[in-house]
>>> print(open('start28.pdb').read())   # PDB, C-alpha atoms and all ligand atoms
ATOM      1  CA  MET A   6     -25.564   6.156  10.713
ATOM      2  CA  LYS A   7     -26.939   4.603   7.568
ATOM      3  CA  LYS A   8     -24.534   1.932   6.377
ATOM      4  CA  ILE A   9     -20.908   1.097   5.814
ATOM      5  CA  GLU A  10     -20.095   3.423   2.947
ATOM      6  CA  HIS A  11     -16.663   1.992   2.280
ATOM      7  CA  ILE A  12     -13.640   0.303   3.766
ATOM      8  CA  GLY A  13     -10.334   2.101   3.205
ATOM      9  CA  ILE A  14      -7.254  -0.006   2.536
ATOM     10  CA  ALA A  15      -3.732   1.426   2.615
ATOM     11  CA  VAL A  16      -1.569   0.106  -0.208
ATOM     12  CA  LYS A  17       1.995   0.667  -1.396
ATOM     13  CA  SER A  18       1.131   0.579  -5.079
ATOM     14  CA  ILE A  19      -2.362   1.409  -6.226
ATOM     15  CA  GLU A  20      -1.685  -0.089  -9.659
ATOM     16  CA  ASN A  21      -0.724  -3.371  -8.123
ATOM     17  CA  ALA A  22      -3.610  -3.308  -5.647
ATOM     18  CA  ASN A  23      -6.077  -2.385  -8.412
ATOM     19  CA  GLN A  24      -5.168  -5.625 -10.170
ATOM     20  CA  ILE A  25      -5.588  -7.635  -6.984
ATOM     21  CA  TYR A  26      -8.984  -6.117  -6.193
ATOM     22  CA  THR A  27     -10.153  -6.366  -9.790
ATOM     23  CA  SER A  28      -9.428 -10.103  -9.637
ATOM     24  CA  LEU A  29     -10.962 -10.436  -6.184
ATOM     25  CA  LEU A  30     -14.178  -8.563  -6.878
ATOM     26  CA  GLY A  31     -14.526  -9.364 -10.563
ATOM     27  CA  ALA A  32     -14.905  -5.692 -11.444
ATOM     28  CA  SER A  33     -12.590  -2.802 -12.236
ATOM     29  CA  PRO A  34     -12.405   0.379 -10.161
ATOM     30  CA  TYR A  35     -15.145   2.787 -11.200
ATOM     31  CA  LYS A  36     -13.070   5.808 -10.388
ATOM     32  CA  MET A  37      -9.582   6.968  -9.472
ATOM     33  CA  GLU A  38      -8.994  10.277  -7.802
ATOM     34  CA  GLU A  39      -6.118  12.174  -6.279
ATOM     35  CA  VAL A  40      -6.855  14.060  -3.042
ATOM     36  CA  LYS A  41      -3.903  16.436  -2.835
ATOM     37  CA  SER A  42      -4.928  17.867   0.548
ATOM     38  CA  GLU A  43      -4.651  14.377   2.054
ATOM     39  CA  GLY A  44      -1.589  13.387   0.053
ATOM     40  CA  VAL A  45      -3.266  10.331  -1.452
ATOM     41  CA  LYS A  46      -4.227   8.663  -4.675
ATOM     42  CA  THR A  47      -7.424   6.646  -4.369
ATOM     43  CA  SER A  48      -9.387   4.152  -6.376
ATOM     44  CA  PHE A  49     -12.922   2.962  -5.700
ATOM     45  CA  PHE A  50     -14.632  -0.355  -6.302
ATOM     46  CA  LYS A  51     -18.359  -0.920  -5.928
ATOM     47  CA  ILE A  52     -19.423  -4.023  -4.115
ATOM     48  CA  GLY A  53     -23.183  -4.106  -3.703
ATOM     49  CA  ASP A  54     -24.168  -1.099  -1.630
ATOM     50  CA  SER A  55     -20.676  -0.609  -0.252
ATOM     51  CA  LYS A  56     -17.317   0.311  -1.684
ATOM     52  CA  ILE A  57     -13.670  -0.469  -1.262
ATOM     53  CA  GLU A  58     -11.315   2.512  -1.304
ATOM     54  CA  LEU A  59      -7.653   1.842  -2.006
ATOM     55  CA  LEU A  60      -5.261   4.558  -0.831
ATOM     56  CA  GLU A  61      -1.670   5.109  -1.884
ATOM     57  CA  ALA A  62       0.465   7.909  -0.431
ATOM     58  CA  ILE A  63       1.698  10.512  -2.899
ATOM     59  CA  ASN A  64       4.063  12.115  -0.417
ATOM     60  CA  PRO A  65       5.974  10.924   2.659
ATOM     61  CA  ASP A  66       3.986  13.223   4.996
ATOM     62  CA  SER A  67       0.630  11.690   4.191
ATOM     63  CA  ALA A  68      -1.133   9.704   6.899
ATOM     64  CA  ILE A  69      -1.123   6.702   4.565
ATOM     65  CA  ALA A  70       2.686   6.781   4.240
ATOM     66  CA  LYS A  71       2.997   6.875   8.032
ATOM     67  CA  PHE A  72       0.453   4.106   8.476
ATOM     68  CA  ILE A  73       2.289   1.801   6.037
ATOM     69  CA  GLU A  74       5.628   2.588   7.633
ATOM     70  CA  LYS A  75       4.288   1.559  11.046
ATOM     71  CA  ARG A  76       1.893  -1.245  10.215
ATOM     72  CA  GLY A  77       2.357  -2.220   6.590
ATOM     73  CA  GLU A  78      -0.422  -2.496   4.044
ATOM     74  CA  GLY A  79      -3.907  -3.327   5.234
ATOM     75  CA  VAL A  80      -7.263  -2.076   6.423
ATOM     76  CA  HIS A  81      -6.890   1.606   7.281
ATOM     77  CA  HIS A  82     -10.395   2.817   8.116
ATOM     78  CA  ILE A  83     -14.093   2.045   8.044
ATOM     79  CA  ALA A  84     -16.359   4.759   6.680
ATOM     80  CA  PHE A  85     -19.991   5.133   7.656
ATOM     81  CA  ALA A  86     -22.497   7.112   5.625
ATOM     82  CA  VAL A  87     -24.392   9.759   7.576
ATOM     83  CA  ASP A  88     -27.136  12.171   6.563
ATOM     84  CA  ASP A  89     -26.084  15.055   8.776
ATOM     85  CA  ILE A  90     -22.400  15.085   9.588
ATOM     86  CA  GLN A  91     -22.634  18.118  11.885
ATOM     87  CA  SER A  92     -25.211  16.551  14.165
ATOM     88  CA  GLU A  93     -23.239  13.274  14.200
ATOM     89  CA  ILE A  94     -20.133  15.185  15.321
ATOM     90  CA  VAL A  95     -22.075  16.631  18.249
ATOM     91  CA  ARG A  96     -23.664  13.286  19.105
ATOM     92  CA  LEU A  97     -20.386  11.346  18.981
ATOM     93  CA  LYS A  98     -18.469  13.937  20.990
ATOM     94  CA  ASN A  99     -21.158  13.649  23.659
ATOM     95  CA  GLU A 100     -20.629   9.880  23.560
ATOM     96  CA  GLY A 101     -16.928  10.422  24.281
ATOM     97  CA  PHE A 102     -15.431   9.863  20.839
ATOM     98  CA  ILE A 103     -12.405  11.928  19.837
ATOM     99  CA  VAL A 104     -13.189  13.822  16.660
ATOM    100  CA  LEU A 105      -9.960  14.476  14.720
ATOM    101  CA  ASN A 106     -11.298  17.309  12.553
ATOM    102  CA  GLU A 107     -14.336  19.122  13.840
ATOM    103  CA  THR A 108     -14.766  20.983  10.597
ATOM    104  CA  PRO A 109     -15.684  18.430   7.941
ATOM    105  CA  LYS A 110     -13.219  18.392   5.050
ATOM    106  CA  LYS A 111     -13.560  17.494   1.398
ATOM    107  CA  GLY A 112     -12.752  13.846   0.897
ATOM    108  CA  ALA A 113     -12.597  11.687  -2.191
ATOM    109  CA  ASP A 114     -15.738  10.682  -4.082
ATOM    110  CA  ASN A 115     -17.528  14.015  -3.507
ATOM    111  CA  LYS A 116     -17.934  13.595   0.260
ATOM    112  CA  LEU A 117     -17.592  15.690   3.349
ATOM    113  CA  VAL A 118     -15.596  13.670   5.846
ATOM    114  CA  VAL A 119     -14.689  13.598   9.520
ATOM    115  CA  PHE A 120     -12.426  11.117  11.287
ATOM    116  CA  LEU A 121     -12.659   9.684  14.789
ATOM    117  CA  HIS A 122      -9.471   8.760  16.620
ATOM    118  CA  PRO A 123      -8.850   5.000  16.711
ATOM    119  CA  LYS A 124      -8.143   5.081  20.420
ATOM    120  CA  SER A 125     -11.739   6.114  21.048
ATOM    121  CA  ALA A 126     -13.131   3.479  18.658
ATOM    122  CA  ALA A 127     -11.577   0.184  19.757
ATOM    123  CA  GLY A 128      -8.481   0.651  17.617
ATOM    124  CA  VAL A 129     -10.261   1.452  14.357
ATOM    125  CA  LEU A 130      -9.968   4.723  12.481
ATOM    126  CA  VAL A 131     -13.571   5.681  11.755
ATOM    127  CA  GLU A 132     -14.619   7.993   8.943
ATOM    128  CA  LEU A 133     -18.014   9.615   8.715
ATOM    129  CA  CYS A 134     -19.054  10.741   5.286
ATOM    130  CA  GLN A 135     -21.899  12.756   3.944
ATOM    131  CA  ASP A 136     -22.660  13.369   0.288
ATOM    132  CA  ARG A 137     -21.828  16.900  -0.821
ATOM    133  CA  LYS A 138     -24.767  18.621  -2.389
TER     134      LYS A 138
HETATM  135 ZN    ZN B   1     -12.316   6.725   3.180
END
>>> encode(input="start28.pdb", output="structure tokens", more="lines below")
Ligand code: ZN
Amino acid sequence: MKKIEHIGIAVKSIENANQIYTSLLGASPYKMEEVKSEGVKTSFFKIGDSKIELLEAINPDSAIAKFIEKRGEGVHHIAFAVDDIQSEIVRLKNEGFIVLNETPKKGADNKLVVFLHPKSAAGVLVELCQDRK
């Protein structure tokens, strides 16, 4: 793994949270993107080499809607950048991690992404992401 690519934060209102994070970081989001397959609207802030991803549910079935219902707004996942997502899947499965989607899917920000179950990662939802070529 190369670095923390971004931290994902589940929010009720992305407009509201955009204002909060713009004030906090002193910079506006550099992109907003809807990922229909995941049922989310996202916005991204750059902070040095890392990013903050805000996620708002666009339908009640999305994982973000369920997360907020159970736990309220807050940190949802930590994403690590990897060079070779397929070999990381194999490596992490061998280490005993539960891979939620073994076929990488298209995430926001032009990435291929895979998630690890929080119960195998000390309670944290982990995302691996690789740049799509
Ligand atoms: Zn993410």
>>> residues_near_ligand(input="start28.pdb", ligand="ligand ZN 1 (chain B)", cutoff="10 Å", atoms="all atoms listed in the file", output="PyMOL selection string")
chain A and resi 10-14+47+49+56-60+81-85+112-114+116+118-120+130-134
>>> atom_distance(input="start28.pdb", atom1="atom CA of A:Gln24", atom2="atom CA of A:Ser48")
11.3 Å
>>> residues_near_point(input="start28.pdb", point="(-3.6, 7.7, 6.0)", cutoff="9 Å", atoms="only C-alpha atoms", output="list in words")
Ala15, Glu43, Gly44, Val45, Leu60, Glu61, Ala62, Ser67, Ala68, Ile69, Ala70, Lys71, Phe72, Ile73, His81 and His82 of chain A
>>> resolve_selection(input="start28.pdb", expression="the PyMOL selection byres (((chain A and resi 51) around 9) and not hetatm)", output="list of chain:residue names")
A:His11, A:Leu30, A:Ala32, A:Ser33, A:Pro34, A:Tyr35, A:Phe49, A:Phe50, A:Ile52, A:Gly53, A:Asp54, A:Ser55, A:Lys56, A:Ile57
>>> write_last_selection(input="start28.pdb", atoms="C-alpha atoms", output="compact mmCIF listing (two decimals), in the coordinates of the input")
# COMPACT_ATOMS: atom_id res chain seq x y z
CA HIS A 11 -16.66 1.99 2.28
CA LEU A 30 -14.18 -8.56 -6.88
CA ALA A 32 -14.90 -5.69 -11.44
CA SER A 33 -12.59 -2.80 -12.24
CA PRO A 34 -12.40 0.38 -10.16
CA TYR A 35 -15.14 2.79 -11.20
CA PHE A 49 -12.92 2.96 -5.70
CA PHE A 50 -14.63 -0.36 -6.30
CA ILE A 52 -19.42 -4.02 -4.12
CA GLY A 53 -23.18 -4.11 -3.70
CA ASP A 54 -24.17 -1.10 -1.63
CA SER A 55 -20.68 -0.61 -0.25
CA LYS A 56 -17.32 0.31 -1.68
CA ILE A 57 -13.67 -0.47 -1.26
>>> resolve_selection(input="start28.pdb", expression="the PyMOL selection byres (((chain A and resi 6) around 12) and not hetatm)", output="list in words")
Lys7, Lys8, Ile9, Glu10, Ala84, Phe85, Ala86, Val87, Asp88, Asp89, Ile90, Ser92, Glu93, Ile94, Arg96, Leu97, Glu132, Leu133, Cys134 and Gln135 of chain A
>>> atom_distance(input="start28.pdb", atom1="atom CA of A:Lys41", atom2="atom CA of A:Ser125")
27.2 Å
>>> residues_around(input="start28.pdb", residues="stretch 102-104 of chain A", least_positions_apart="2", cutoff="6 Å", atoms="only C-alpha atoms", output="JSON, numbers by chain")
{"A": [97, 98, 100, 106, 121, 122, 125]}
>>> axis_aligned_box(input="start28.pdb", around="stretch 97-108 of chain A", padding_each_side="6 Å", output="JSON")
{"center_x": -15.6, "center_y": 15.4, "center_z": 17.4, "size_x": 23.2, "size_y": 23.1, "size_z": 25.7}
>>> closest_residue(input="start28.pdb", among="A:Asn115, A:Pro65, A:Asn21, A:Val129", to="A:Val80", atoms="only C-alpha atoms")
A:Val129
>>> atom_distance(input="start28.pdb", atom1="atom CA of A:Gly79", atom2="atom CA of A:Pro123")
15.0 Å
